[in-house]
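Asks: I'm passing along query-v2.pdb; it holds PDB, C-alpha atoms, pLDDT in the B column.
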ATOM      1  CA  MET J  23      19.856  -9.119   4.913  1.00 53.00           C
ATOM      2  CA  SER J  24      20.295  -7.759   1.392  1.00 57.00           C
ATOM      3  CA  HIS J  25      17.524  -6.418  -0.811  1.00 63.00           C
ATOM      4  CA  ALA J  26      18.002  -9.343  -3.223  1.00 59.00           C
ATOM      5  CA  ALA J  27      17.666 -11.813  -0.357  1.00 58.00           C
ATOM      6  CA  ASP J  28      14.467 -10.081   0.790  1.00 63.00           C
ATOM      7  CA  ARG J  29      13.023 -10.399  -2.710  1.00 63.00           C
ATOM      8  CA  TYR J  30      14.032 -14.058  -2.860  1.00 62.00           C
ATOM      9  CA  ASP J  31      12.400 -14.784   0.511  1.00 64.00           C
ATOM     10  CA  ALA J  32       9.228 -12.957  -0.561  1.00 63.00           C
ATOM     11  CA  GLY J  33       9.112 -14.946  -3.802  1.00 62.00           C
ATOM     12  CA  ALA J  34       9.651 -18.223  -1.992  1.00 59.00           C
ATOM     13  CA  GLU J  35       6.874 -17.365   0.467  1.00 63.00           C
ATOM     14  CA  ARG J  36       4.465 -16.798  -2.424  1.00 59.00           C
ATOM     15  CA  PHE J  37       5.148 -20.308  -3.707  1.00 57.00           C
ATOM     16  CA  ARG J  38       4.761 -21.880  -0.254  1.00 58.00           C
ATOM     17  CA  ALA J  39       1.385 -20.218   0.426  1.00 55.00           C
ATOM     18  CA  PRO J  40      -0.618 -22.000  -2.346  1.00 55.00           C
ATOM     19  CA  ALA J  41       0.798 -25.379  -1.313  1.00 52.00           C
ATOM     20  CA  ALA J  42      -0.208 -24.773   2.303  1.00 51.00           C
ATOM     21  CA  ALA J  43      -3.674 -23.653   1.207  1.00 52.00           C
ATOM     22  CA  ALA J  44      -4.117 -26.779  -0.912  1.00 51.00           C
ATOM     23  CA  ALA J  45      -3.199 -28.977   2.052  1.00 50.00           C
ATOM     24  CA  SER J  46      -5.849 -27.399   4.305  1.00 49.00           C
ATOM     25  CA  PRO J  47      -9.342 -28.916   4.531  1.00 49.00           C
ATOM     26  CA  THR J  48     -11.923 -27.581   2.117  1.00 52.00           C
ATOM     27  CA  SER J  49     -14.783 -27.379   4.620  1.00 51.00           C
ATOM     28  CA  LEU J  50     -15.595 -24.004   6.117  1.00 52.00           C
ATOM     29  CA  ASP J  51     -15.599 -24.994   9.763  1.00 53.00           C
ATOM     30  CA  GLY J  52     -14.742 -22.401  12.394  1.00 54.00           C
ATOM     31  CA  ALA J  53     -11.103 -23.469  12.732  1.00 56.00           C
ATOM     32  CA  GLU J  54     -10.357 -22.985   9.046  1.00 61.00           C
ATOM     33  CA  VAL J  55     -12.011 -19.567   8.952  1.00 57.00           C
ATOM     34  CA  THR J  56     -10.005 -18.508  11.998  1.00 59.00           C
ATOM     35  CA  GLU J  57      -6.794 -19.737  10.358  1.00 62.00           C
ATOM     36  CA  ARG J  58      -7.519 -17.742   7.201  1.00 60.00           C
ATOM     37  CA  LEU J  59      -8.364 -14.588   9.145  1.00 57.00           C
ATOM     38  CA  THR J  60      -5.201 -14.975  11.205  1.00 59.00           C
ATOM     39  CA  ALA J  61      -3.164 -15.310   8.010  1.00 60.00           C
ATOM     40  CA  ILE J  62      -4.766 -12.140   6.622  1.00 57.00           C
ATOM     41  CA  ARG J  63      -3.956 -10.207   9.790  1.00 58.00           C
ATOM     42  CA  GLN J  64      -0.353 -11.412   9.721  1.00 60.00           C
ATOM     43  CA  SER J  65       0.108 -10.356   6.092  1.00 61.00           C
ATOM     44  CA  ARG J  66      -1.006  -6.800   6.854  1.00 66.00           C
ATOM     45  CA  GLY J  67       2.431  -6.080   8.277  1.00 76.00           C
ATOM     46  CA  ARG J  68       3.950  -6.572   4.844  1.00 85.00           C
ATOM     47  CA  ARG J  69       4.185  -3.708   2.410  1.00 87.00           C
ATOM     48  CA  THR J  70       2.523  -3.910  -1.000  1.00 91.00           C
ATOM     49  CA  ARG J  71       3.814  -1.880  -3.926  1.00 91.00           C
ATOM     50  CA  ARG J  72       1.462   0.266  -6.014  1.00 91.00           C
ATOM     51  CA  THR J  73       2.506   2.053  -9.177  1.00 93.00           C
ATOM     52  CA  VAL J  74       0.992   5.393 -10.151  1.00 94.00           C
ATOM     53  CA  ASP J  75       1.155   6.877 -13.645  1.00 96.00           C
ATOM     54  CA  LEU J  76       1.437  10.668 -13.551  1.00 97.00           C
ATOM     55  CA  THR J  77       1.350  13.229 -16.318  1.00 98.00           C
ATOM     56  CA  ALA J  78       4.525  15.264 -16.770  1.00 98.00           C
ATOM     57  CA  ALA J  79       2.798  18.243 -15.134  1.00 98.00           C
ATOM     58  CA  GLN J  80       1.662  16.169 -12.133  1.00 98.00           C
ATOM     59  CA  HIS J  81       5.150  14.723 -11.709  1.00 98.00           C
ATOM     60  CA  ARG J  82       6.783  18.146 -11.899  1.00 98.00           C
ATOM     61  CA  GLY J  83       4.203  19.634  -9.524  1.00 98.00           C
ATOM     62  CA  LEU J  84       4.696  16.831  -6.997  1.00 98.00           C
ATOM     63  CA  ASP J  85       8.483  17.287  -7.132  1.00 98.00           C
ATOM     64  CA  ILE J  86       8.095  21.006  -6.471  1.00 98.00           C
ATOM     65  CA  TRP J  87       5.635  20.362  -3.615  1.00 98.00           C
ATOM     66  CA  GLN J  88       8.007  17.822  -2.043  1.00 99.00           C
ATOM     67  CA  ARG J  89      10.938  20.275  -2.139  1.00 98.00           C
ATOM     68  CA  GLU J  90       8.801  23.039  -0.604  1.00 99.00           C
ATOM     69  CA  ALA J  91       7.495  20.640   2.069  1.00 98.00           C
ATOM     70  CA  ALA J  92      11.053  19.598   2.928  1.00 98.00           C
ATOM     71  CA  ASP J  93      12.031  23.269   3.308  1.00 98.00           C
ATOM     72  CA  ARG J  94       9.028  23.975   5.574  1.00 98.00           C
ATOM     73  CA  LEU J  95       9.766  20.910   7.695  1.00 98.00           C
ATOM     74  CA  GLY J  96      13.507  21.590   7.859  1.00 98.00           C
ATOM     75  CA  LEU J  97      14.333  18.296   6.166  1.00 98.00           C
ATOM     76  CA  ALA J  98      16.714  17.434   3.364  1.00 98.00           C
ATOM     77  CA  ARG J  99      13.837  15.919   1.411  1.00 98.00           C
ATOM     78  CA  VAL J 100      10.295  14.571   1.561  1.00 98.00           C
ATOM     79  CA  THR J 101       9.811  11.458  -0.548  1.00 97.00           C
ATOM     80  CA  GLY J 102       6.908  10.672  -2.824  1.00 96.00           C
ATOM     81  CA  GLN J 103       6.396   7.534  -0.718  1.00 95.00           C
ATOM     82  CA  GLU J 104       5.871   9.663   2.401  1.00 97.00           C
ATOM     83  CA  VAL J 105       3.438  11.944   0.585  1.00 98.00           C
ATOM     84  CA  LEU J 106       1.347   9.142  -0.905  1.00 96.00           C
ATOM     85  CA  SER J 107       1.285   7.132   2.341  1.00 96.00           C
ATOM     86  CA  ALA J 108       0.124  10.196   4.285  1.00 97.00           C
ATOM     87  CA  LEU J 109      -2.523  10.968   1.662  1.00 97.00           C
ATOM     88  CA  ILE J 110      -3.854   7.412   1.723  1.00 96.00           C
ATOM     89  CA  ASP J 111      -3.995   7.423   5.532  1.00 97.00           C
ATOM     90  CA  GLN J 112      -5.963  10.681   5.382  1.00 97.00           C
ATOM     91  CA  LEU J 113      -8.281   9.329   2.671  1.00 96.00           C
ATOM     92  CA  LEU J 114      -9.077   6.213   4.679  1.00 96.00           C
ATOM     93  CA  ASN J 115      -9.734   8.107   7.918  1.00 96.00           C
ATOM     94  CA  ASP J 116     -11.491  11.294   6.763  1.00 96.00           C
ATOM     95  CA  ARG J 117     -15.037  10.891   5.433  1.00 96.00           C
ATOM     96  CA  GLN J 118     -15.150  14.419   4.022  1.00 97.00           C
ATOM     97  CA  LEU J 119     -11.918  13.890   2.112  1.00 97.00           C
ATOM     98  CA  SER J 120     -13.211  10.524   0.897  1.00 96.00           C
ATOM     99  CA  ALA J 121     -16.385  12.172  -0.420  1.00 96.00           C
ATOM    100  CA  GLN J 122     -14.332  14.925  -2.064  1.00 97.00           C
ATOM    101  CA  ILE J 123     -12.149  12.344  -3.832  1.00 96.00           C
ATOM    102  CA  LEU J 124     -15.206  10.415  -5.013  1.00 97.00           C
ATOM    103  CA  ARG J 125     -16.626  13.628  -6.515  1.00 97.00           C
ATOM    104  CA  ALA J 126     -13.315  14.372  -8.229  1.00 97.00           C
ATOM    105  CA  ILE J 127     -13.158  10.863  -9.723  1.00 96.00           C
ATOM    106  CA  GLN J 128     -16.755  11.102 -10.909  1.00 97.00           C
ATOM    107  CA  ALA J 129     -16.099  14.499 -12.503  1.00 98.00           C
ATOM    108  CA  ARG J 130     -13.106  13.137 -14.439  1.00 94.00           C
ATOM    109  CA  ARG J 131     -15.080  10.296 -16.007  1.00 95.00           C
TER     110      ARG J 131
END
Would you put the structure from the file into structure tokens?
Replies:
Amino acid sequence: MSHAADRYDAGAERFRAPAAAAASPTSLDGAEVTERLTAIRQSRGRRTRRTVDLTAAQHRGLDIWQREAADRLGLARVTGQEVLSALIDQLLNDRQLSAQILRAIQARR
């Protein structure tokens, strides 16, 4: 399937979801809660795009780091996507790193 077709299917799915939600009962019985939780779990397989604004120096530094990482790993290239995904996985699973990031954010504000 082409990239354009994927985007079309994703857009169509977004329009179908509100209609399905409107058709469901409004009471919060156990069945409805289970249905919503199941829908959340199913959507976790989908990728969500995030955009990051970098300074020129950050962008240049990341490019250099990616080229050096590719050399060390014996690869043609390491993508920014791979780097950011690995960093996020580490952030979510490492309490020390999480605390370090919180301190860095607090210091910047």
Asks: Given the file shown, determine the residues that the PyMOL selection byres ((chain J and resi 80-85) around 12) selects; report them as a count of residues only.
Replies: 21
Asks: Find the distance between atom CA of J:Thr73 and atom CA of J:Gln122 and write it in Å to one decimal.
Replies: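 Atom CA of J:Gln122 lies 22.4 Å from atom CA of J:Thr73.
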Asks: Give me, please, the distance in Å between atom CA of J:Gly96 and atom CA of J:Ala108, quoted to one decimal.
Replies: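 If I compute the distance from atom CA of J:Gly96 to atom CA of J:Ala108, I get 17.9 Å.
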Asks: If the box runs along x, y and z of the file and leaves 8 Å on each side of stretch 122-125 of chain J, what are its centre and edge lengths in Å, one decimal, as AutoDock Vina command-line options?
Replies:
--center_x -14.4 --center_y 12.7 --center_z -4.3 --size_x 20.5 --size_y 20.5 --size_z 20.5
Asks: So how far away is atom CA of J:Leu109 from atom CA of J:Gly67, in Å?
Replies: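 Distance between the two atoms: 18.9 Å.
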